[in-house]
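First comes the structure, then the notes that go with it.
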Amino acid sequence: MNGNAKRPLIGVSTYLEAEARWGVWTLPAALLPAGYPRLVQAAGGLASMLPPDDPAYAADVVARLDGLVVAGGPDVEPARYGAAREERTGPPAEERDAWELALIEAALAAGTPLLGICRGMQLLNVALGGTLVQHLDGHAKAPGVFSTHAVAPVPGTRYAAVVPDAATDVPTYHHQAVDRVGRGLVPCAHADDGTVEALELPGPAWVLGVQWHPEAGTDTRVMEALVAAAAAPQRGAGNCATSHNGPADARRQKEAPPEALRPHPA
């Protein structure tokens, strides 16, 4: 990206923890592993954290962004996709589920470039009527430790155009996966065992979900593609309902983003 060009504002959803420790403090916290903003910055974007809020505000937040990343995290509540909770499914994260599903729906409606990472890809699938496998062996080796495995693109897909390598080793840490694919979504990468590792939504809007964690690696190509789409002067109409009246820069001329949405250090 031209160093003189205005950097796109990329919102990244956050974790919400009942207790976190830093310095002398132990407090509830909305937080984000530093790998996420660093990846956005390395790809040429400005990163802004989006902690859970009232889902009714999601469209207003998305309207202030050039692109959206839905981050990884806890398991999606099975009731969201019409399933009963299984024994190895993690505890619910109700505030995150509600907020991030609303963000996804707003981004799809507006045509805002969207990248879902791990849980974010699963939420994208659920938002479009898909379901999840609640436990999958072999894609998380040890608690709190990323492992790697190869991912192969599906020829002819958006993902294959971004990462054309026959196979790429990616950082992975998940125990759930896509089961029934949501409306309109297309699998665009697979692991060796056949697990769907990436989903995209064909159409004018840039929408991609990856099951792995690019923020834990050194390959910036997927995030660079999101940032490039977010920087485009004209973006396509949304896939679900409404569309932008113009690029995000024009929208911000009318209404500057509040302080909470402005980029800040990780």
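By convention in this document, the chains of the structure tokens carry letters A, B, ... by their order, each chain's residues are numbered from 1, and ligands are numbered from 1 in the order they are shown.
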field: Expected answer as a PyMOL selection string: helix (DSSP H, G or I) residues in stretch 82-248 of chain A
entry: chain A and resi 94-110+119-127+158-162+214-216+221-231+248
task: Mind checking which residues fall within 8 Å of stretch 169-176 of chain A, counting only C-alpha atoms, ignoring those fewer than 2 positions away in the same chain, and posting them as number ranges by chain?
output: A: 75, 118, 132-141, 145-151, 167, 178, 211-214, 216-217
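Across A:Glu19, A:Glu86, A:Arg96, A:Tyr81, the tightest approach to A:Pro51 is made by A:Arg96 when counting only C-alpha atoms.
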- request: Just give me the gap between atom CA of A:Ala232 and atom CA of A:Val70 in Å, one decimal is fine.
  value: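 Value for the atom CA of A:Ala232-atom CA of A:Val70 distance: 20.2 Å.
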Contacts of A:Ala20 within 9 Å, only C-alpha atoms, excl. fewer than 4 positions in-chain, as number ranges by chain: A: 25-31
Those same residues - N, CA and C atoms - I'd like them written as a PDB file, in the first residue's frame.
ATOM      1  N   TRP A  25      -3.243  -5.127  38.847  1.00  0.00           N
ATOM      2  CA  TRP A  25      -4.691  -5.197  38.707  1.00  0.00           C
ATOM      3  C   TRP A  25      -5.174  -6.601  38.361  1.00  0.00           C
ATOM      4  N   THR A  26      -6.303  -6.948  38.943  1.00  0.00           N
ATOM      5  CA  THR A  26      -7.070  -8.131  38.555  1.00  0.00           C
ATOM      6  C   THR A  26      -8.509  -7.670  38.415  1.00  0.00           C
ATOM      7  N   LEU A  27      -8.973  -7.541  37.166  1.00  0.00           N
ATOM      8  CA  LEU A  27     -10.267  -6.923  36.883  1.00  0.00           C
ATOM      9  C   LEU A  27     -10.941  -7.583  35.687  1.00  0.00           C
ATOM     10  N   PRO A  28     -12.255  -7.399  35.544  1.00  0.00           N
ATOM     11  CA  PRO A  28     -12.890  -7.796  34.286  1.00  0.00           C
ATOM     12  C   PRO A  28     -12.256  -7.008  33.141  1.00  0.00           C
ATOM     13  N   ALA A  29     -12.166  -7.630  31.962  1.00  0.00           N
ATOM     14  CA  ALA A  29     -11.470  -6.952  30.861  1.00  0.00           C
ATOM     15  C   ALA A  29     -12.016  -7.378  29.505  1.00  0.00           C
ATOM     16  N   ALA A  30     -12.109  -6.405  28.619  1.00  0.00           N
ATOM     17  CA  ALA A  30     -12.271  -6.666  27.189  1.00  0.00           C
ATOM     18  C   ALA A  30     -10.871  -6.607  26.614  1.00  0.00           C
ATOM     19  N   LEU A  31     -10.414  -7.689  26.007  1.00  0.00           N
ATOM     20  CA  LEU A  31      -9.009  -7.752  25.605  1.00  0.00           C
ATOM     21  C   LEU A  31      -8.852  -8.459  24.262  1.00  0.00           C
TER      22      LEU A  31
END
field: strand (DSSP E) call set, DSSP backbone run, stretch 10-249 of chain A, as a PyMOL selection string
entry: chain A and resi 10-13+15-22+25-31+46-50+67-70+114-117+132-133+147-153+168-172+177-178+186-191+196-200+207-210
- prompt: Hey, what's within 9 Å of A:Leu124 if we count only C-alpha atoms and toss same-chain stuff fewer than 4 positions away? As a count of residues only, please?
  reply: 14
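Summary of the local environment: counting only C-alpha atoms, residues at most 7 Å from A:Asp66, other than itself and those fewer than 4 positions away along its chain, are Pro8, Leu9, Ile10, Thr112, Ala230 and Ala248 of chain A.
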Best match for closeness to A:Ala102 among A:Glu224, A:Asp60, A:Glu77, A:Glu87, counting only C-alpha atoms: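 Among A:Glu224, A:Asp60, A:Glu77, A:Glu87, it is A:Asp60 that comes nearest to A:Ala102.
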query: Nearest to A:Glu100: which of A:Cys188, A:Leu68, A:Ala177, A:Val196 is it, counting only C-alpha atoms?
result: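 Residue with the minimum atom-to-atom distance to A:Glu100: A:Leu68.
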query: So how many Å separate atom CA of A:Met223 and atom CA of A:Ala18, to one decimal?
result: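 Atom CA of A:Ala18 lies at a distance of 29.5 Å from atom CA of A:Met223.
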A:Thr220 surroundings by only C-alpha atoms, 8 Å radius, close-in-sequence under 6 positions cut, as a short mmCIF file (atom, residue, chain, number, x, y, z; two decimals) with N, CA and C atoms, in the first residue's frame:
data_model
loop_
_atom_site.label_atom_id
_atom_site.label_comp_id
_atom_site.auth_asym_id
_atom_site.auth_seq_id
_atom_site.Cartn_x
_atom_site.Cartn_y
_atom_site.Cartn_z
N LEU A 39 -1.09 -7.77 13.18
CA LEU A 39 -1.32 -8.29 11.83
C LEU A 39 -2.03 -7.26 10.97
N ALA A 42 0.57 -4.63 10.13
CA ALA A 42 1.55 -5.13 9.16
C ALA A 42 0.96 -5.20 7.76
N ALA A 43 -0.35 -5.39 7.67
CA ALA A 43 -1.03 -5.47 6.38
C ALA A 43 -1.42 -4.11 5.83
N PRO A 214 -4.22 -16.67 11.60
CA PRO A 214 -3.12 -15.95 10.91
C PRO A 214 -2.38 -14.98 11.82
#
Top pick for closest residue to A:Ala225, considering A:Pro113, A:Gly11, A:Gly23, A:Pro202 and counting only C-alpha atoms: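 Looking at the shortest contact to A:Ala225, the residue is A:Pro113.
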field: Using only C-alpha atoms: which of A:Pro91, A:Val163, A:Arg85, A:Val76 has the shortest distance to A:Ala127
entry: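 Looking at the shortest contact to A:Ala127, the residue is A:Val76.
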task: Go through A:Asp97, A:Arg221, A:Gly90, A:Pro153 one by one, measure the shortest atom-to-atom distance of each to A:Ala198 using only C-alpha atoms, and give the residue with the smallest value.
output: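 Of the candidates, the smallest distance to A:Ala198 is held by A:Pro153.
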- request: Excluding A:Val61 and any residue of its chain fewer than 3 positions from it, enumerate the residues within 9 Å of it, using only C-alpha atoms, and give them as a list in words.
  value: Gly11, Leu50, Tyr57, Ala58, Arg64, Leu65, Leu103, Ala106, Pro257 and Leu261 of chain A
- prompt: Quick one, how far is atom CA of A:Ser13 from atom CA of A:Met121?
  reply: 12.7 Å
